[in-house]
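Engineer: Below is the structure I would like to discuss, written out as structure tokens.
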Amino acid sequence: MKESPEPISIRFVHAADIHLDSPLRGLEAYAGAPVERLRLATRRALDAVVDLCLRERVDFLIIAGDLFDTDVKDFNAALAAAGQMRRLAQAAIPVYIILGNHDSHEETTKRVPWPDNVFVFDHKKPQSLRHPQFPVVLHGMSYSKREMNANLVPLYPDPDANVANIGLLHSSTSGNANHDVYAPCSIEELAAKGYDYWALGHIHEFAILHQHPHVVYSGNTQGRHARETGVKGCVLVTLSRSTNDQYAVTGLDFQETDVVRWFREKITLEPDDDDERLLDKTRTHLRSLIANADGRLAAVRLEYEGRCEAHRLLAQDASRQQIIATIRSLAADFGDDVWIEKIRFQTQSPLDLDALRERQDLIGDLLRDIQVKMTDPSELTSLSDVQELFTKVNAELAYEQTGSDVMALDDVSRFSAWVKQAESLLLGHLMEEHS
């Protein structure tokens, strides 16, 4: 009678989207920004990934695309990455890398001096690599060019028998609206491929899309701006073989690697909240954020909303700038633990607008006219003066636009929000003059 094989466990780290030396555009425009600390954040996150591999004595490391942010123009980034991989080489830990849309074969013009423990998958077709010691076969394909629009999954080979099969893929599997669509495929076809684990990259949020077999996004290792908030890291995975020679995930632990943590914090103000109360709430929020950052730099975008007494001062440029300066000084009170990236006010007057619209004076006329326009905001976008003003504003703020802040003139929903803000500002000035 044939004896059953001894159970075996394989442990590895799955990381992706490290974006080494990702350019942090526009930082110089922010007074007091910890520029060097932010610039080095992606390198420190890679250091943390390697530290984890060494501490846990894993069998290998997977990097599922976008190790680099773009072509290695500054070769120091390549040397930094190679240096970290040499640390793993000294511990006999192999590293398996696929190239993604940011560091595709076409865009990488310089050869990185990788040590012998690094294996970069072919960009012409899927390639299968067997681990030198353990019964593991890894299947992967690098991007040949940035615009990889075809579904790559049908090209991947069938799984090998009696070994753990792991697929590496940089793909828009979940259809995340915040990322460009590259190498799209469905979760169902990944699960049906027969692999025991899919190590995915491209989407910058940790997500388990399917279990048994596991289809997993590790997310990026370091948030790079205020649209990449919250905890960032990689995944420590354990694959175990049962008595029937089948492998399955028996351990999956998300591990934090970020050294800067981004927050977008909405602070809601109540009708009686004046500027002092605004500052008190800000101080409380900052204290909470620092605690949640757990020793990391907390990079914060503050967004104030609500009908409040403080709006009267916020509607005046001089007093608003004074409040902004005071808020930034609050952050300085916490030392190096917090940096306020941006402050936005979307507050409104605490006044009863419905009652004011009934008034038979200039204020009532203004509010009624705005209400009519708001029923069809497209009328506003057609005004030549608005178009000219928008062009000037866009040109002046071009250096600060980072994707989420850009507003197209035909974006009716955001244009409506601007009109509401303008209504609130005008009302504040008029009420002050008529009081």
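We name chains A, B, ... following the order of the structure tokens; residues begin at 1 in each chain, and ligands are numbered from 1 as shown.
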Need to verify the contact set: Ser171 in chain A, 8 Å, only C-alpha atoms, exclusion of same-chain residues closer than 2 positions in sequence. Can you return it as a count of residues only?

Structural biologist: 11

Engineer: Going by DSSP on the backbone, which residues of range 38-185 of chain A come out as helix (DSSP H, G or I)? List them as a ChimeraX atom specification.

Structural biologist: /A:38-39,41-56,75-90,153-155

Engineer: Any chance you can output those residues with N, CA and C atoms as a compact mmCIF listing (two decimals), in the first residue's frame?

Structural biologist:
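Wrote it out as result33.txt, contents follow:
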# COMPACT_ATOMS: atom_id res chain seq x y z
N LEU A 38 9.07 62.18 1.88
CA LEU A 38 8.07 61.66 0.96
C LEU A 38 8.71 61.01 -0.26
N ARG A 39 9.78 61.61 -0.76
CA ARG A 39 10.44 61.05 -1.94
C ARG A 39 11.04 59.67 -1.67
N ALA A 41 9.85 57.48 0.42
CA ALA A 41 8.86 56.58 1.00
C ALA A 41 8.76 55.26 0.24
N THR A 42 8.78 55.30 -1.11
CA THR A 42 8.65 54.06 -1.87
C THR A 42 9.86 53.16 -1.68
N ARG A 43 11.04 53.75 -1.52
CA ARG A 43 12.24 52.93 -1.25
C ARG A 43 12.16 52.29 0.12
N ARG A 44 11.71 53.05 1.11
CA ARG A 44 11.60 52.50 2.46
C ARG A 44 10.55 51.39 2.51
N ALA A 45 9.51 51.51 1.68
CA ALA A 45 8.50 50.45 1.63
C ALA A 45 9.09 49.17 1.04
N LEU A 46 9.93 49.30 0.00
CA LEU A 46 10.60 48.12 -0.55
C LEU A 46 11.53 47.50 0.51
N ASP A 47 12.22 48.34 1.25
CA ASP A 47 13.06 47.83 2.34
C ASP A 47 12.23 46.99 3.30
N ALA A 48 11.02 47.48 3.60
CA ALA A 48 10.15 46.77 4.55
C ALA A 48 9.70 45.42 4.00
N VAL A 49 9.45 45.35 2.68
CA VAL A 49 9.09 44.08 2.05
C VAL A 49 10.22 43.08 2.21
N VAL A 50 11.44 43.51 1.94
CA VAL A 50 12.60 42.63 2.05
C VAL A 50 12.84 42.23 3.51
N ASP A 51 12.69 43.18 4.42
CA ASP A 51 12.83 42.87 5.84
C ASP A 51 11.84 41.77 6.24
N LEU A 52 10.61 41.85 5.74
CA LEU A 52 9.59 40.85 6.04
C LEU A 52 10.02 39.47 5.53
N CYS A 53 10.52 39.44 4.30
CA CYS A 53 10.96 38.16 3.72
C CYS A 53 12.06 37.52 4.57
N LEU A 54 12.99 38.32 5.02
CA LEU A 54 14.10 37.80 5.82
C LEU A 54 13.63 37.40 7.20
N ARG A 55 12.78 38.20 7.78
CA ARG A 55 12.30 37.91 9.14
C ARG A 55 11.46 36.62 9.17
N GLU A 56 10.64 36.42 8.15
CA GLU A 56 9.75 35.26 8.09
C GLU A 56 10.40 34.05 7.42
N PHE A 75 19.46 56.10 -12.41
CA PHE A 75 19.89 54.72 -12.20
C PHE A 75 20.03 54.37 -10.73
N ASN A 76 19.96 55.39 -9.87
CA ASN A 76 20.02 55.11 -8.44
C ASN A 76 18.84 54.25 -7.99
N ALA A 77 17.70 54.41 -8.65
CA ALA A 77 16.53 53.58 -8.31
C ALA A 77 16.82 52.12 -8.63
N ALA A 78 17.43 51.87 -9.79
CA ALA A 78 17.78 50.51 -10.17
C ALA A 78 18.80 49.92 -9.20
N LEU A 79 19.78 50.72 -8.82
CA LEU A 79 20.79 50.23 -7.89
C LEU A 79 20.19 49.94 -6.52
N ALA A 80 19.24 50.78 -6.11
CA ALA A 80 18.59 50.56 -4.82
C ALA A 80 17.80 49.25 -4.83
N ALA A 81 17.07 48.99 -5.93
CA ALA A 81 16.29 47.76 -6.04
C ALA A 81 17.22 46.54 -6.07
N ALA A 82 18.28 46.63 -6.87
CA ALA A 82 19.21 45.51 -6.97
C ALA A 82 19.88 45.24 -5.62
N GLY A 83 20.16 46.29 -4.88
CA GLY A 83 20.78 46.12 -3.57
C GLY A 83 19.88 45.35 -2.61
N GLN A 84 18.59 45.66 -2.65
CA GLN A 84 17.65 44.93 -1.79
C GLN A 84 17.53 43.47 -2.21
N MET A 85 17.56 43.22 -3.51
CA MET A 85 17.48 41.83 -3.98
C MET A 85 18.72 41.04 -3.59
N ARG A 86 19.86 41.72 -3.49
CA ARG A 86 21.08 41.03 -3.06
C ARG A 86 20.99 40.60 -1.60
N ARG A 87 20.27 41.37 -0.80
CA ARG A 87 20.03 40.95 0.59
C ARG A 87 19.30 39.61 0.61
N LEU A 88 18.34 39.46 -0.30
CA LEU A 88 17.60 38.20 -0.38
C LEU A 88 18.47 37.08 -0.96
N ALA A 89 19.35 37.43 -1.89
CA ALA A 89 20.25 36.44 -2.47
C ALA A 89 21.14 35.83 -1.38
N GLN A 90 21.57 36.65 -0.46
CA GLN A 90 22.43 36.16 0.61
C GLN A 90 21.69 35.17 1.51
N VAL A 153 -4.81 35.83 -20.06
CA VAL A 153 -5.05 34.57 -19.36
C VAL A 153 -5.13 33.37 -20.30
N PRO A 154 -5.81 33.45 -21.46
CA PRO A 154 -5.85 32.28 -22.34
C PRO A 154 -4.48 31.83 -22.82
N LEU A 155 -3.48 32.71 -22.78
CA LEU A 155 -2.14 32.33 -23.21
C LEU A 155 -1.38 31.55 -22.15

Engineer: How many Å lie between CA of Val137 in chain A and CA of Val58 in chain A, rounded to one decimal?

Structural biologist: 15.9 Å

Engineer: Just want the 12 Å neighbourhood of Thr326 in chain A, counted on only C-alpha atoms, with same-chain residues fewer than 4 positions away dropped. Output as a ChimeraX atom specification.

Structural biologist: /A:275-276,278-280,282-283,319-322,330-333,340,343

Engineer: Output C-alpha atoms for every residue in that selection, as a compact mmCIF listing (two decimals), in the first residue's frame.

Structural biologist:
# COMPACT_ATOMS: atom_id res chain seq x y z
CA ASP A 275 -13.65 79.44 14.04
CA GLU A 276 -12.53 78.40 17.55
CA LEU A 278 -13.34 74.57 13.95
CA LEU A 279 -9.83 74.58 15.38
CA ASP A 280 -10.84 72.39 18.34
CA THR A 282 -9.22 69.93 13.82
CA ARG A 283 -6.93 69.34 16.78
CA SER A 319 -9.71 85.75 7.54
CA ARG A 320 -9.80 82.47 5.60
CA GLN A 321 -6.04 82.67 5.00
CA GLN A 322 -5.53 83.39 8.71
CA LEU A 330 -1.75 73.16 14.85
CA ALA A 331 -0.06 70.44 12.81
CA ALA A 332 3.33 71.88 13.75
CA ASP A 333 2.42 71.40 17.41
CA ILE A 340 -1.22 68.79 6.11
CA ILE A 343 -7.05 72.27 3.17

Engineer: Which residue gives the smallest distance to Trp198 in chain A among A:His14, A:Lys342, A:His131, A:Lys124, with only C-alpha atoms counted?

Structural biologist: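 With only C-alpha atoms as the atom set, the closest residue is A:His14.
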
Engineer: Closest to Asp66 in chain A among A:Ala192, A:Ala298, A:Val136, A:Gly219, using only C-alpha atoms?

Structural biologist: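 Selected residue with least distance to Asp66 in chain A: A:Gly219.
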
Engineer: Could you pull the residues within 7 Å of Asn117 in chain A, counting only C-alpha atoms, minus those fewer than 3 positions along the same chain, as a ChimeraX atom specification?

Structural biologist: /A:89,93-95

Engineer: Would you write out those residues with N, CA and C atoms, as a compact mmCIF listing (two decimals), in the first residue's frame?

Structural biologist:
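Here's the written file out30.txt:
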# COMPACT_ATOMS: atom_id res chain seq x y z
N ALA A 89 19.35 37.43 -1.89
CA ALA A 89 20.25 36.44 -2.47
C ALA A 89 21.14 35.83 -1.38
N ILE A 93 16.94 33.39 -1.12
CA ILE A 93 15.51 33.58 -1.39
C ILE A 93 15.35 34.08 -2.82
N PRO A 94 14.74 33.28 -3.71
CA PRO A 94 14.52 33.73 -5.10
C PRO A 94 13.46 34.83 -5.18
N VAL A 95 13.57 35.63 -6.22
CA VAL A 95 12.61 36.71 -6.47
C VAL A 95 12.07 36.56 -7.88

Engineer: Extract, using only C-alpha atoms, all DNA, RNA and protein residues at most 6 Å from Arg11 in chain A, discarding same-chain residues fewer than 6 positions from it, and format them as number ranges by chain.

Structural biologist: A: 58-59, 237-238

Engineer: Which residue, A:Glu303, A:Glu205, A:Glu147, A:Asp294, has the smallest gap to Arg264 in chain A when you use only C-alpha atoms?

Structural biologist: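 Using only C-alpha atoms, Arg264 in chain A sits closest to A:Glu303.
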
Engineer: Please, what distance in Å, to one decimal, runs between CA of Arg312 in chain A and CA of Arg328 in chain A?

Structural biologist: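 Computed distance, CA of Arg312 in chain A to CA of Arg328 in chain A, equals 20.2 Å.
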
Engineer: Would you please extract all strand (DSSP E) residues from range 36-192 of chain A, as assigned by DSSP on the backbone, and give them as a ChimeraX atom specification?

Structural biologist: /A:60-64,95-98,118-120,127-130,136-140,164-170
